[in-house]
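**Q** First the structure, which I've put down as structure tokens, then a few questions once you've had a look.
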Amino acid sequence: MDLQYTVTYSQRKSLTITVERDRSVVVMAPLGTSPEKIREVVESRKMWIYEKLQHPQKYDPAPKKEFVSGETVLYLGRNYRLEIQKGTEESIRFQGKLVVTGVSSNRAATLFKEWYITKARKKIIPRVKQHAINLGVTVNKVMISELQYRWGSCTPNDSLNFNWKLIKAPMFVVDYVIVHELAHLLEQNHTARFWNIVQVQVPGYAKAKGWLKQHGDLLEGSF
């Protein structure tokens with residue numbers, strides 16, 4: 001059976017292949033790259049692609065949580081108890097637990113996503129700026145958004161995009177993903193030089209990678 005993949009063209013200088021967490025294969029190619037050249041590269045890396053497709057980090061979304069008091073909610077690597085209260089105004093407050101007031105079950109997913117995004121912007125963006133200073137690189141823009149099957153991405157115009165769900169992970173994992181994307185501003189591909197850059201900035205990055213492999217599916221859980 002032929003290997004299925006999608007192709008995205010951009011101003012990048014080199015061709016890269018990514019196996020997303022939903023097991024889809026994406027080829028990012030420079031503008032003007034011929035389909036024949038893309039097929040040739042994909043064929044040459046077929047064994048590597050199949051190995052990645054079987055990687056334990058590839059998984060299906062976690063089952064939905066119940067919007068009831070006593071349920072646990074993940075934030076910065078810890079599970080906090082959910083307490084639902086009646087009220088006329090919608091609010092989510094972090095008080096050693098997640099106190100939710102005036103929120104109906106059909107609004108819970110939307111409100112929590114907004115809450116997570118707000119927290120992600122407050123915690124991730126300043127850390128991106130600090131790590132960028134440490135690496136001596138300049139970031140055009142930092143965005144927090146819905147990335148579907150990626151934790152972070154680096155665009156050709158030196159902007160970084162982070163999945164809002166990343167804020168559910170421990171901070172050492174967040175720092176690893178930040179440095180991983182910043183390192184792409186110095187080295188596009190996952191070469192030995194790339195991993196050396198990450199190693200210098202995040203000496204324990206292997207632990208963070210291991211956490212994502214083992215627990216990454218938990219970040220997908222929602223109401």
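Each chain of the structure tokens is named A, B, ... in the order shown, its residues numbered from 1; ligands are numbered from 1 in display order.
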I want to know what sits within 9 Å of region 1-18 of chain A, based on only C-alpha atoms, with residues of the same chain fewer than 5 positions away left out; could you give that as a PyMOL selection string?
**A** chain A and resi 24-33+38+41-43+45-46+49+155-157+188-189
**Q** Select from region 55-148 of chain A every residue with an atom at most 7 Å from any atom of region 162-174 of chain A, then for each give the shortest pair of atoms and their distance in Å to one decimal, using only C-alpha atoms, rows by chain and rising number, as JSON lines.
**A**
{"residue": "A:Leu74", "atom": "CA", "partner": "A:Lys168", "partner_atom": "CA", "distance": 5.5}
{"residue": "A:Tyr75", "atom": "CA", "partner": "A:Lys168", "partner_atom": "CA", "distance": 4.2}
{"residue": "A:Leu76", "atom": "CA", "partner": "A:Pro170", "partner_atom": "CA", "distance": 4.4}
{"residue": "A:Gly77", "atom": "CA", "partner": "A:Pro170", "partner_atom": "CA", "distance": 4.0}
{"residue": "A:Tyr116", "atom": "CA", "partner": "A:Trp164", "partner_atom": "CA", "distance": 6.6}
{"residue": "A:Ile117", "atom": "CA", "partner": "A:Trp164", "partner_atom": "CA", "distance": 5.4}
{"residue": "A:Ala120", "atom": "CA", "partner": "A:Ile167", "partner_atom": "CA", "distance": 5.4}
{"residue": "A:Met143", "atom": "CA", "partner": "A:Phe162", "partner_atom": "CA", "distance": 6.2}
{"residue": "A:Ile144", "atom": "CA", "partner": "A:Phe162", "partner_atom": "CA", "distance": 5.0}
{"residue": "A:Ser145", "atom": "CA", "partner": "A:Asn163", "partner_atom": "CA", "distance": 5.4}
{"residue": "A:Glu146", "atom": "CA", "partner": "A:Asn163", "partner_atom": "CA", "distance": 5.5}
{"residue": "A:Leu147", "atom": "CA", "partner": "A:Asn163", "partner_atom": "CA", "distance": 5.2}
**Q** Which parts of region 27-129 of chain A does DSSP call strand (DSSP E or B) when run on the backbone here, written out as an MDAnalysis selection string?
**A** chainID A and resid 27:30 72:75 78:85 91:94 98:101
**Q** Restricting it to C-alpha atoms, dump the selection as a PDB file, in the first residue's frame.
**A**
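As a result, out-v6.pdb now contains:
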ATOM      1  CA  VAL A  27       5.779  17.087   3.863  1.00  0.00           C
ATOM      2  CA  MET A  28       6.860  20.749   4.092  1.00  0.00           C
ATOM      3  CA  ALA A  29       8.590  21.697   0.870  1.00  0.00           C
ATOM      4  CA  PRO A  30      10.112  24.837  -0.699  1.00  0.00           C
ATOM      5  CA  THR A  72     -10.129  16.495  38.144  1.00  0.00           C
ATOM      6  CA  VAL A  73      -8.737  19.124  35.797  1.00  0.00           C
ATOM      7  CA  LEU A  74      -5.129  19.126  34.575  1.00  0.00           C
ATOM      8  CA  TYR A  75      -3.086  22.322  34.889  1.00  0.00           C
ATOM      9  CA  ARG A  78      -1.095  18.525  38.300  1.00  0.00           C
ATOM     10  CA  ASN A  79      -4.688  17.404  38.662  1.00  0.00           C
ATOM     11  CA  TYR A  80      -6.901  19.857  40.529  1.00  0.00           C
ATOM     12  CA  ARG A  81     -10.374  19.107  41.825  1.00  0.00           C
ATOM     13  CA  LEU A  82     -13.288  20.756  40.080  1.00  0.00           C
ATOM     14  CA  GLU A  83     -15.922  22.485  42.218  1.00  0.00           C
ATOM     15  CA  ILE A  84     -19.054  23.668  40.439  1.00  0.00           C
ATOM     16  CA  GLN A  85     -21.120  26.417  42.055  1.00  0.00           C
ATOM     17  CA  SER A  91     -16.275  32.514  36.042  1.00  0.00           C
ATOM     18  CA  ILE A  92     -13.395  30.122  36.604  1.00  0.00           C
ATOM     19  CA  ARG A  93     -11.112  30.744  39.584  1.00  0.00           C
ATOM     20  CA  PHE A  94      -7.977  28.891  40.584  1.00  0.00           C
ATOM     21  CA  LEU A  98     -10.863  25.007  40.028  1.00  0.00           C
ATOM     22  CA  VAL A  99     -13.972  26.818  41.240  1.00  0.00           C
ATOM     23  CA  VAL A 100     -16.453  27.228  38.389  1.00  0.00           C
ATOM     24  CA  THR A 101     -19.462  29.475  38.859  1.00  0.00           C
TER      25      THR A 101
END
**Q** Mind giving me the straight-line distance from CA of Ala132 (chain A) to CA of Glu181 (chain A) in Å, one decimal?
**A** 10.2 Å
**Q** Contacts of region 103-108 of chain A at 7 Å or less, counting only C-alpha atoms, minus same-chain residues fewer than 6 places along, as a count of residues only?
**A** 3
**Q** For the atom pair CA of His190 (chain A) and CA of Trp48 (chain A), what is the interatomic distance in Å to one decimal place?
**A**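 Computing the Euclidean distance for CA of His190 (chain A) and CA of Trp48 (chain A) yields 13.3 Å.
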**Q** Leaving out Val200 (chain A) and any residue of its chain fewer than 2 positions from it, which residues lie within 12 Å of it when counting only C-alpha atoms, given as JSON, numbers by chain?
**A** {"A": [131, 134, 135, 176, 179, 180, 183, 193, 194, 195, 196, 197, 198, 202, 203, 204, 205]}
**Q** Can you spit out the residues from that selection as a JSON list (two decimals), in the first residue's frame, using N, CA, C and O atoms?
**A**
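selection06.json, written as the output of this step:
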[["chain", "number", "residue", "atom", "x", "y", "z"],
["A", 131, "HIS", "N", 13.91, 32.73, 26.99],
["A", 131, "HIS", "CA", 14.71, 31.70, 26.32],
["A", 131, "HIS", "C", 15.31, 32.25, 25.02],
["A", 131, "HIS", "O", 16.42, 31.85, 24.63],
["A", 134, "ASN", "N", 18.37, 34.06, 25.92],
["A", 134, "ASN", "CA", 19.43, 33.10, 26.25],
["A", 134, "ASN", "C", 20.07, 32.50, 25.00],
["A", 134, "ASN", "O", 21.28, 32.24, 24.98],
["A", 135, "LEU", "N", 19.25, 32.29, 23.96],
["A", 135, "LEU", "CA", 19.75, 31.69, 22.72],
["A", 135, "LEU", "C", 20.30, 32.73, 21.75],
["A", 135, "LEU", "O", 20.95, 32.38, 20.77],
["A", 176, "TYR", "N", 10.85, 22.85, 27.55],
["A", 176, "TYR", "CA", 11.47, 22.03, 26.50],
["A", 176, "TYR", "C", 10.84, 22.34, 25.14],
["A", 176, "TYR", "O", 11.56, 22.53, 24.14],
["A", 179, "VAL", "N", 12.03, 25.80, 23.89],
["A", 179, "VAL", "CA", 13.41, 25.78, 23.39],
["A", 179, "VAL", "C", 13.50, 24.98, 22.10],
["A", 179, "VAL", "O", 14.25, 25.35, 21.18],
["A", 180, "HIS", "N", 12.74, 23.90, 22.00],
["A", 180, "HIS", "CA", 12.72, 23.09, 20.78],
["A", 180, "HIS", "C", 12.36, 23.97, 19.57],
["A", 180, "HIS", "O", 13.03, 23.91, 18.53],
["A", 183, "ALA", "N", 15.03, 26.65, 18.85],
["A", 183, "ALA", "CA", 16.22, 26.08, 18.23],
["A", 183, "ALA", "C", 16.07, 25.96, 16.72],
["A", 183, "ALA", "O", 17.07, 25.99, 15.98],
["A", 193, "ARG", "N", 23.45, 19.12, 15.55],
["A", 193, "ARG", "CA", 23.62, 20.51, 16.02],
["A", 193, "ARG", "C", 22.35, 21.00, 16.70],
["A", 193, "ARG", "O", 22.40, 21.67, 17.75],
["A", 194, "PHE", "N", 21.19, 20.67, 16.13],
["A", 194, "PHE", "CA", 19.91, 21.08, 16.71],
["A", 194, "PHE", "C", 19.78, 20.54, 18.13],
["A", 194, "PHE", "O", 19.47, 21.30, 19.07],
["A", 195, "TRP", "N", 20.03, 19.24, 18.32],
["A", 195, "TRP", "CA", 19.85, 18.64, 19.64],
["A", 195, "TRP", "C", 20.92, 19.13, 20.62],
["A", 195, "TRP", "O", 20.68, 19.19, 21.82],
["A", 196, "ASN", "N", 22.08, 19.51, 20.13],
["A", 196, "ASN", "CA", 23.09, 20.10, 21.00],
["A", 196, "ASN", "C", 22.62, 21.45, 21.54],
["A", 196, "ASN", "O", 22.86, 21.78, 22.71],
["A", 197, "ILE", "N", 21.95, 22.22, 20.68],
["A", 197, "ILE", "CA", 21.41, 23.51, 21.10],
["A", 197, "ILE", "C", 20.37, 23.30, 22.20],
["A", 197, "ILE", "O", 20.37, 23.99, 23.22],
["A", 198, "VAL", "N", 19.48, 22.34, 21.98],
["A", 198, "VAL", "CA", 18.44, 22.05, 22.98],
["A", 198, "VAL", "C", 19.07, 21.57, 24.28],
["A", 198, "VAL", "O", 18.67, 21.98, 25.37],
["A", 202, "VAL", "N", 18.31, 23.16, 27.78],
["A", 202, "VAL", "CA", 17.46, 22.32, 28.63],
["A", 202, "VAL", "C", 18.19, 20.99, 28.86],
["A", 202, "VAL", "O", 17.91, 20.00, 28.17],
["A", 203, "PRO", "N", 19.11, 20.95, 29.82],
["A", 203, "PRO", "CA", 19.90, 19.74, 30.05],
["A", 203, "PRO", "C", 19.06, 18.49, 30.31],
["A", 203, "PRO", "O", 19.45, 17.39, 29.95],
["A", 204, "GLY", "N", 17.89, 18.65, 30.88],
["A", 204, "GLY", "CA", 17.03, 17.50, 31.15],
["A", 204, "GLY", "C", 15.94, 17.30, 30.12],
["A", 204, "GLY", "O", 14.86, 16.80, 30.44],
["A", 205, "TYR", "N", 16.21, 17.69, 28.86],
["A", 205, "TYR", "CA", 15.15, 17.63, 27.85],
["A", 205, "TYR", "C", 14.65, 16.21, 27.59],
["A", 205, "TYR", "O", 13.49, 16.02, 27.21]]
